[in-house]
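Undergrad: First the structure, then my questions, so here it is.
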Amino acid sequence: MANSPVTLRVLTHSSFDLPKEQLAAFEKEAGVKLQIVKAGDAGEMTNKLILTRARPIADVVYGIDNTLLPRALAAGVIEPYTGPASQRMSSATLDAGLVPVDYGFVALNIDKAWFAKSGLALPTSLDDLTKPAYAKLLVVQNPATSSPGMAFLQATVAGLGEEKAFDWWKALRANGVKVVKGWTEAYYTEFTRNGGTRPIVVSYATSPAAEVFYSKEKITESPTANLFLKGGVFRQVEGVALVKGGRPAAREAAGQFIEFLRSAPVQQSLQTTMWMYPAEVGAPRVDLIKRYAVEPSTYDNPASAEAAGKSKAWLQRWTKTVLK
């Protein structure tokens with residue numbers, strides 16, 4: 001059939017979410033048909049990309065972050081994009097190959113009502129969480145199965161130093177930390193805000209803003225707050241890239257999609273759909289993010305080369321320390 005639109009296969013994690021009308025406008029403008037394949041969390045998505053590299057299942061991939069990029073680069077599954085979006089400055093950077101789209105912070109969130117009612121002071125350091133007063137109050141995600149879990153583990157190592165970090169995790173285990181598979185279970189099942197028993201949860205710096213956005217009643221104050229503690233804040237950067245071995249017929253469309261993700265309308269809407277900060281320099285913040293999701297002034301990320309070389313060993317040590 002003459003002039004039938006190219007199908008563009010886009011591999012993403014399950015949190016990818018943009019307004020339908022925005023995606024439809026892109027299809028019309030670029031003359032393409034989007035086939036969005038959601039492949040679980042970012043870790044599962046990256047694994048899928050690596051396992052299918054002989055016969056790639058996508059032409060472009062969005063959602064590989066700075067914790068997963070070393071694996072993607074080592075496996076040779078992405079190809080550098082050199083169009084305009086890759087040349088512009090970004091508010092958050094990634095290593096060669098990925099164009100940054102957005103960034104966010106993994107951090108501790110607290111249930112304000114629980115702390116007000118209990119009279120317990122908010123912890124002022126990670127060490128506080130190992131004290132008897134804070135026993136059985138924290139829920140974290142397993143870094144083997146969760147990207148915020150891995151981000152939080154890396155923050156503890158970078159912020160406290162490796163030995164002190166694992167001593168801390170050992171003390172945390174003794175103090176009754178709860179470990180669950182992923183963010184959804186931690187936040188919506190275990191967190192006291194949602195009927196659980198844990199008033200402290202590993203989540204995101206934008207979560208208090210999301211609480212206001214999704215509240216059934218009209219509220220002007222978030223029921224949750226961030227705790228930005230030394231060793232407990234990680235900056236996550238997500239990017240988009242061409243898939244190595246993607247179909248030549250879809251290469252131009254893949255480049256157009258990369259540019260689309262860095263366009264002003266997308267950089268605005270992702271703030272209240274994917275709850276991330278925009279990577280485009282000068283992209284305006286929506287009011288909700290400005291009011292309820294102030295960025296932390298500092299964070300603790302290991303150097304990317306160190307994370308690439310040691311994260312597997314950190315994971316094994318964490319499993320032995322916390323679970324076995």
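By order in the structure tokens, chains are A, B, ...; within a chain, residues start at 1; ligands start at 1, following the order shown.
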Sort by chain and increasing residue number a table of all residues of range 66-89 of chain A within 9 Å of range 251-255 of chain A, each with its closest pair of atoms and their distance in Å to one decimal, counting only C-alpha atoms, and write it as JSON lines.
TA:
```
{"residue": "A:Tyr81", "atom": "CA", "partner": "A:Gly255", "partner_atom": "CA", "distance": 7.4}
{"residue": "A:Thr82", "atom": "CA", "partner": "A:Gly255", "partner_atom": "CA", "distance": 8.9}
{"residue": "A:Gly83", "atom": "CA", "partner": "A:Gly255", "partner_atom": "CA", "distance": 7.2}
```
Undergrad: How would the residues just picked look written out with N, CA and C atoms as a PDB file, in the first residue's frame?
TA:
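Result file is selection22.pdb:
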```
ATOM      1  N   TYR A  81      22.685   8.212  19.445  1.00  0.00           N
ATOM      2  CA  TYR A  81      21.873   9.093  18.608  1.00  0.00           C
ATOM      3  C   TYR A  81      22.585  10.435  18.563  1.00  0.00           C
ATOM      4  N   THR A  82      22.706  11.016  17.378  1.00  0.00           N
ATOM      5  CA  THR A  82      23.504  12.244  17.245  1.00  0.00           C
ATOM      6  C   THR A  82      22.691  13.448  16.766  1.00  0.00           C
ATOM      7  N   GLY A  83      21.354  13.343  16.806  1.00  0.00           N
ATOM      8  CA  GLY A  83      20.496  14.447  16.366  1.00  0.00           C
ATOM      9  C   GLY A  83      20.499  15.613  17.340  1.00  0.00           C
TER      10      GLY A  83
END
```
Undergrad: Please return, as a ChimeraX atom specification, all residues of range 134-313 of chain A that DSSP assigns to alpha helix (DSSP H) on the basis of the backbone.
TA: /A:147-160,162-174,183-185,207-214,251-261,264-269,287-292,304-313
Undergrad: Based on the selection just made, write C-alpha atoms of those residues as an mmCIF file, in the first residue's frame.
TA:
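Written out: selection37.cif:
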```
data_model
loop_
_atom_site.group_PDB
_atom_site.id
_atom_site.type_symbol
_atom_site.label_atom_id
_atom_site.label_comp_id
_atom_site.auth_asym_id
_atom_site.auth_seq_id
_atom_site.Cartn_x
_atom_site.Cartn_y
_atom_site.Cartn_z
ATOM 1 C CA SER A 147 15.073 0.003 40.539
ATOM 2 C CA PRO A 148 14.296 2.319 43.527
ATOM 3 C CA GLY A 149 15.608 -0.487 45.751
ATOM 4 C CA MET A 150 18.889 -0.587 43.812
ATOM 5 C CA ALA A 151 19.077 3.220 43.742
ATOM 6 C CA PHE A 152 18.638 3.401 47.530
ATOM 7 C CA LEU A 153 21.307 0.720 48.091
ATOM 8 C CA GLN A 154 23.742 2.662 45.885
ATOM 9 C CA ALA A 155 22.979 5.883 47.772
ATOM 10 C CA THR A 156 23.803 4.232 51.116
ATOM 11 C CA VAL A 157 27.138 2.956 49.767
ATOM 12 C CA ALA A 158 28.042 6.307 48.193
ATOM 13 C CA GLY A 159 26.910 8.373 51.175
ATOM 14 C CA LEU A 160 28.163 6.266 54.081
ATOM 15 C CA GLU A 162 30.880 0.704 51.662
ATOM 16 C CA GLU A 163 31.777 -0.827 55.036
ATOM 17 C CA LYS A 164 29.669 1.561 57.091
ATOM 18 C CA ALA A 165 26.767 1.088 54.673
ATOM 19 C CA PHE A 166 26.682 -2.674 55.155
ATOM 20 C CA ASP A 167 27.089 -2.293 58.933
ATOM 21 C CA TRP A 168 24.045 0.002 58.733
ATOM 22 C CA TRP A 169 22.046 -2.538 56.710
ATOM 23 C CA LYS A 170 22.952 -5.233 59.245
ATOM 24 C CA ALA A 171 21.728 -3.010 62.121
ATOM 25 C CA LEU A 172 18.608 -2.176 60.109
ATOM 26 C CA ARG A 173 17.822 -5.865 59.693
ATOM 27 C CA ALA A 174 18.162 -6.337 63.464
ATOM 28 C CA TRP A 183 7.677 0.011 44.860
ATOM 29 C CA THR A 184 3.944 -0.682 44.407
ATOM 30 C CA GLU A 185 3.843 -3.196 47.271
ATOM 31 C CA SER A 207 5.550 11.409 45.670
ATOM 32 C CA PRO A 208 4.168 14.177 47.978
ATOM 33 C CA ALA A 209 3.106 16.124 44.851
ATOM 34 C CA ALA A 210 1.451 13.007 43.412
ATOM 35 C CA GLU A 211 -0.485 12.572 46.676
ATOM 36 C CA VAL A 212 -1.998 16.053 46.207
ATOM 37 C CA PHE A 213 -2.697 15.447 42.505
ATOM 38 C CA TYR A 214 -4.526 12.137 43.037
ATOM 39 C CA ARG A 251 15.479 4.678 11.900
ATOM 40 C CA GLU A 252 14.246 8.131 10.879
ATOM 41 C CA ALA A 253 11.022 7.673 12.875
ATOM 42 C CA ALA A 254 13.060 6.539 15.909
ATOM 43 C CA GLY A 255 15.057 9.778 15.737
ATOM 44 C CA GLN A 256 11.826 11.787 15.505
ATOM 45 C CA PHE A 257 10.538 10.009 18.630
ATOM 46 C CA ILE A 258 13.721 10.904 20.534
ATOM 47 C CA GLU A 259 13.248 14.560 19.575
ATOM 48 C CA PHE A 260 9.566 14.317 20.570
ATOM 49 C CA LEU A 261 10.460 13.184 24.120
ATOM 50 C CA ALA A 264 8.351 21.319 25.298
ATOM 51 C CA PRO A 265 4.860 19.702 25.501
ATOM 52 C CA VAL A 266 6.271 16.304 26.569
ATOM 53 C CA GLN A 267 8.732 17.844 29.016
ATOM 54 C CA GLN A 268 5.772 19.543 30.668
ATOM 55 C CA SER A 269 3.346 16.634 30.726
ATOM 56 C CA ASP A 287 2.993 24.546 39.862
ATOM 57 C CA LEU A 288 2.325 21.256 41.637
ATOM 58 C CA ILE A 289 5.970 20.199 41.268
ATOM 59 C CA LYS A 290 7.225 23.636 42.317
ATOM 60 C CA ARG A 291 5.093 23.576 45.471
ATOM 61 C CA TYR A 292 5.246 19.969 46.656
ATOM 62 C CA SER A 304 29.284 5.507 37.214
ATOM 63 C CA ALA A 305 32.457 3.426 36.668
ATOM 64 C CA GLU A 306 32.373 2.260 40.297
ATOM 65 C CA ALA A 307 28.681 1.408 40.094
ATOM 66 C CA ALA A 308 29.265 -0.533 36.858
ATOM 67 C CA GLY A 309 32.112 -2.518 38.368
ATOM 68 C CA LYS A 310 30.725 -3.151 41.838
ATOM 69 C CA SER A 311 26.909 -3.148 41.799
ATOM 70 C CA LYS A 312 26.720 -6.943 41.319
ATOM 71 C CA ALA A 313 28.985 -7.481 44.357
#
```
Undergrad: Give me the range 215-290 of chain A side of the contact with range 119-142 of chain A, cut-off 10 Å, one line per residue showing its nearest atom pair and distance in Å at one decimal, counting only C-alpha atoms, sorted by chain and residue number, as CSV.
TA:
```
residue,atom,partner,partner_atom,distance
A:Leu227,CA,A:Thr124,CA,8.2
A:Phe228,CA,A:Thr124,CA,8.8
A:Leu229,CA,A:Ser125,CA,5.6
A:Lys230,CA,A:Ser125,CA,6.6
A:Gly231,CA,A:Leu126,CA,7.2
A:Gly232,CA,A:Leu126,CA,7.2
```
Undergrad: Any chance you can output those residues with all heavy atoms as a PDB file, in the first residue's frame?
TA:
```pdb
ATOM      1  N   LEU A 227      12.135  12.917  53.326  1.00  0.00           N
ATOM      2  CA  LEU A 227      13.238  12.982  54.290  1.00  0.00           C
ATOM      3  C   LEU A 227      14.514  12.879  53.463  1.00  0.00           C
ATOM      4  O   LEU A 227      14.810  11.809  52.934  1.00  0.00           O
ATOM      5  CB  LEU A 227      13.193  11.789  55.242  1.00  0.00           C
ATOM      6  CG  LEU A 227      12.352  11.827  56.492  1.00  0.00           C
ATOM      7  CD1 LEU A 227      12.649  10.582  57.326  1.00  0.00           C
ATOM      8  CD2 LEU A 227      12.619  13.075  57.332  1.00  0.00           C
ATOM      9  N   PHE A 228      15.223  13.975  53.322  1.00  0.00           N
ATOM     10  CA  PHE A 228      16.464  13.947  52.547  1.00  0.00           C
ATOM     11  C   PHE A 228      17.634  13.761  53.519  1.00  0.00           C
ATOM     12  O   PHE A 228      18.178  14.736  54.037  1.00  0.00           O
ATOM     13  CB  PHE A 228      16.624  15.240  51.740  1.00  0.00           C
ATOM     14  CG  PHE A 228      15.558  15.433  50.676  1.00  0.00           C
ATOM     15  CD1 PHE A 228      15.038  16.695  50.417  1.00  0.00           C
ATOM     16  CD2 PHE A 228      15.101  14.361  49.922  1.00  0.00           C
ATOM     17  CE1 PHE A 228      14.087  16.886  49.421  1.00  0.00           C
ATOM     18  CE2 PHE A 228      14.140  14.542  48.928  1.00  0.00           C
ATOM     19  CZ  PHE A 228      13.630  15.804  48.673  1.00  0.00           C
ATOM     20  N   LEU A 229      17.985  12.513  53.777  1.00  0.00           N
ATOM     21  CA  LEU A 229      19.048  12.206  54.736  1.00  0.00           C
ATOM     22  C   LEU A 229      20.333  11.820  54.008  1.00  0.00           C
ATOM     23  O   LEU A 229      20.298  11.220  52.934  1.00  0.00           O
ATOM     24  CB  LEU A 229      18.618  11.049  55.648  1.00  0.00           C
ATOM     25  CG  LEU A 229      17.307  11.231  56.432  1.00  0.00           C
ATOM     26  CD1 LEU A 229      17.021   9.996  57.281  1.00  0.00           C
ATOM     27  CD2 LEU A 229      17.364  12.480  57.304  1.00  0.00           C
ATOM     28  N   LYS A 230      21.469  12.144  54.605  1.00  0.00           N
ATOM     29  CA  LYS A 230      22.772  11.790  54.036  1.00  0.00           C
ATOM     30  C   LYS A 230      22.840  10.283  53.797  1.00  0.00           C
ATOM     31  O   LYS A 230      22.606   9.492  54.699  1.00  0.00           O
ATOM     32  CB  LYS A 230      23.872  12.236  55.004  1.00  0.00           C
ATOM     33  CG  LYS A 230      25.280  11.787  54.647  1.00  0.00           C
ATOM     34  CD  LYS A 230      25.819  12.545  53.462  1.00  0.00           C
ATOM     35  CE  LYS A 230      27.259  12.142  53.153  1.00  0.00           C
ATOM     36  NZ  LYS A 230      27.662  12.541  51.799  1.00  0.00           N
ATOM     37  N   GLY A 231      23.134   9.884  52.559  1.00  0.00           N
ATOM     38  CA  GLY A 231      23.192   8.462  52.218  1.00  0.00           C
ATOM     39  C   GLY A 231      21.849   7.872  51.850  1.00  0.00           C
ATOM     40  O   GLY A 231      21.760   6.675  51.571  1.00  0.00           O
ATOM     41  N   GLY A 232      20.807   8.716  51.849  1.00  0.00           N
ATOM     42  CA  GLY A 232      19.468   8.205  51.562  1.00  0.00           C
ATOM     43  C   GLY A 232      18.780   8.882  50.387  1.00  0.00           C
ATOM     44  O   GLY A 232      17.565   8.806  50.256  1.00  0.00           O
TER      45      GLY A 232
END
```
Undergrad: Closest to Val61 in chain A among A:Lys117, A:Arg88, A:Arg235, A:Lys244, using only C-alpha atoms?
TA: A:Lys244
Undergrad: Determine the nearest neighbour of Gln316 in chain A from the options A:Gly246, A:Gly104, A:Gly196, A:Pro143, counting only C-alpha atoms.
TA: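 So, comparing all the options, the nearest one is A:Pro143.
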Undergrad: For Pro199 in chain A, which of A:Val180, A:Ala225, A:Val294, A:Ile50 is the closest residue, counting only C-alpha atoms?
TA: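 Selected residue with least distance to Pro199 in chain A: A:Ala225.
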Undergrad: Report as a short mmCIF file (atom, residue, chain, number, x, y, z; two decimals) with N, CA, C and O atoms, in the first residue's frame: the residues of range 199-250 of chain A with a DSSP assignment of strand (DSSP E or B), based on the backbone of this structure.
TA:
```
data_model
loop_
_atom_site.label_atom_id
_atom_site.label_comp_id
_atom_site.auth_asym_id
_atom_site.auth_seq_id
_atom_site.Cartn_x
_atom_site.Cartn_y
_atom_site.Cartn_z
N ILE A 200 7.48 4.88 57.20
CA ILE A 200 8.62 5.36 56.41
C ILE A 200 8.83 4.40 55.24
O ILE A 200 8.91 3.18 55.45
N VAL A 201 8.92 4.95 54.02
CA VAL A 201 9.01 4.11 52.82
C VAL A 201 10.03 4.71 51.85
O VAL A 201 10.17 5.93 51.76
N VAL A 202 10.75 3.85 51.15
CA VAL A 202 11.61 4.32 50.07
C VAL A 202 10.71 4.62 48.87
O VAL A 202 10.02 3.74 48.37
N SER A 203 10.71 5.90 48.44
CA SER A 203 9.86 6.30 47.33
C SER A 203 10.58 7.38 46.52
O SER A 203 11.79 7.28 46.32
N TYR A 204 9.85 8.40 46.10
CA TYR A 204 10.42 9.44 45.24
C TYR A 204 10.17 10.83 45.80
O TYR A 204 9.18 11.07 46.49
N THR A 224 2.09 13.48 52.92
CA THR A 224 3.41 12.85 53.07
C THR A 224 4.48 13.92 52.89
O THR A 224 4.22 15.00 52.38
N ALA A 225 5.71 13.59 53.30
CA ALA A 225 6.83 14.52 53.14
C ALA A 225 8.10 13.73 52.83
O ALA A 225 8.19 12.53 53.14
N ASN A 226 9.06 14.41 52.24
CA ASN A 226 10.36 13.79 51.96
C ASN A 226 11.29 13.93 53.15
O ASN A 226 11.25 14.92 53.87
N LEU A 227 12.14 12.92 53.33
CA LEU A 227 13.24 12.98 54.29
C LEU A 227 14.51 12.88 53.46
O LEU A 227 14.81 11.81 52.93
N PHE A 234 19.18 9.40 46.09
CA PHE A 234 19.86 9.00 44.85
C PHE A 234 19.22 9.73 43.68
O PHE A 234 18.00 9.80 43.57
N ARG A 235 20.04 10.28 42.79
CA ARG A 235 19.49 10.93 41.59
C ARG A 235 19.43 9.92 40.44
O ARG A 235 20.45 9.40 40.00
N GLN A 236 18.21 9.68 39.98
CA GLN A 236 17.97 8.75 38.88
C GLN A 236 17.74 9.56 37.61
O GLN A 236 16.95 10.50 37.60
N VAL A 237 18.44 9.20 36.54
CA VAL A 237 18.27 9.88 35.25
C VAL A 237 17.82 8.84 34.22
O VAL A 237 18.44 7.79 34.09
N GLU A 238 16.73 9.14 33.52
CA GLU A 238 16.21 8.21 32.51
C GLU A 238 16.45 8.76 31.11
O GLU A 238 16.35 9.97 30.89
N GLY A 239 16.74 7.86 30.18
CA GLY A 239 17.03 8.31 28.83
C GLY A 239 16.34 7.51 27.74
O GLY A 239 15.65 6.51 28.02
N VAL A 240 16.54 7.96 26.51
CA VAL A 240 15.99 7.30 25.33
C VAL A 240 17.14 7.05 24.36
O VAL A 240 18.08 7.85 24.29
N ALA A 241 17.09 5.93 23.64
CA ALA A 241 18.18 5.59 22.73
C ALA A 241 17.67 4.78 21.55
O ALA A 241 16.61 4.15 21.61
N LEU A 242 18.46 4.77 20.49
CA LEU A 242 18.21 3.87 19.37
C LEU A 242 18.60 2.47 19.79
O LEU A 242 19.58 2.28 20.52
N VAL A 243 17.84 1.49 19.35
CA VAL A 243 18.18 0.08 19.62
C VAL A 243 19.11 -0.41 18.53
O VAL A 243 18.82 -0.26 17.34
#
```
Undergrad: Would you mind telling me which residue in A:Thr46, A:Gln22, A:Thr220, A:Thr7 lies nearest to Leu34 in chain A when using only C-alpha atoms?
TA: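 Ranked by minimum distance to Leu34 in chain A, first place goes to A:Thr7.
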Undergrad: To one decimal place in Å, what is the distance between CA of Met276 in chain A and CA of Tyr103 in chain A?
TA: 5.6 Å
Undergrad: Would you mind reading off the distance between CA of Ala279 in chain A and CA of Val32 in chain A, one decimal, in Å?
TA: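 Computed distance, CA of Ala279 in chain A to CA of Val32 in chain A, equals 24.9 Å.
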Undergrad: Listing only residues of range 62-92 of chain A within 9 Å of range 11-21 of chain A, what is the closest atom pair and its distance in Å (to one decimal) for each, using only C-alpha atoms, sorted by chain and residue number ascending, as CSV?
TA:
```
residue,atom,partner,partner_atom,distance
A:Tyr62,CA,A:Thr12,CA,5.1
A:Gly63,CA,A:Thr12,CA,5.8
A:Ile64,CA,A:His13,CA,8.4
```
Undergrad: Smallest atom-to-atom distance to Asp95 in chain A: which of A:Leu8, A:Phe26, A:Glu79, A:Pro70, using only C-alpha atoms?
TA: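 Residue with the minimum atom-to-atom distance to Asp95 in chain A: A:Pro70.
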Undergrad: For a quick check of understanding, using only C-alpha atoms, which of A:Thr67, A:Gln87, A:Thr273, A:Ala72 has the smallest distance to Val286 in chain A?
TA: A:Thr273
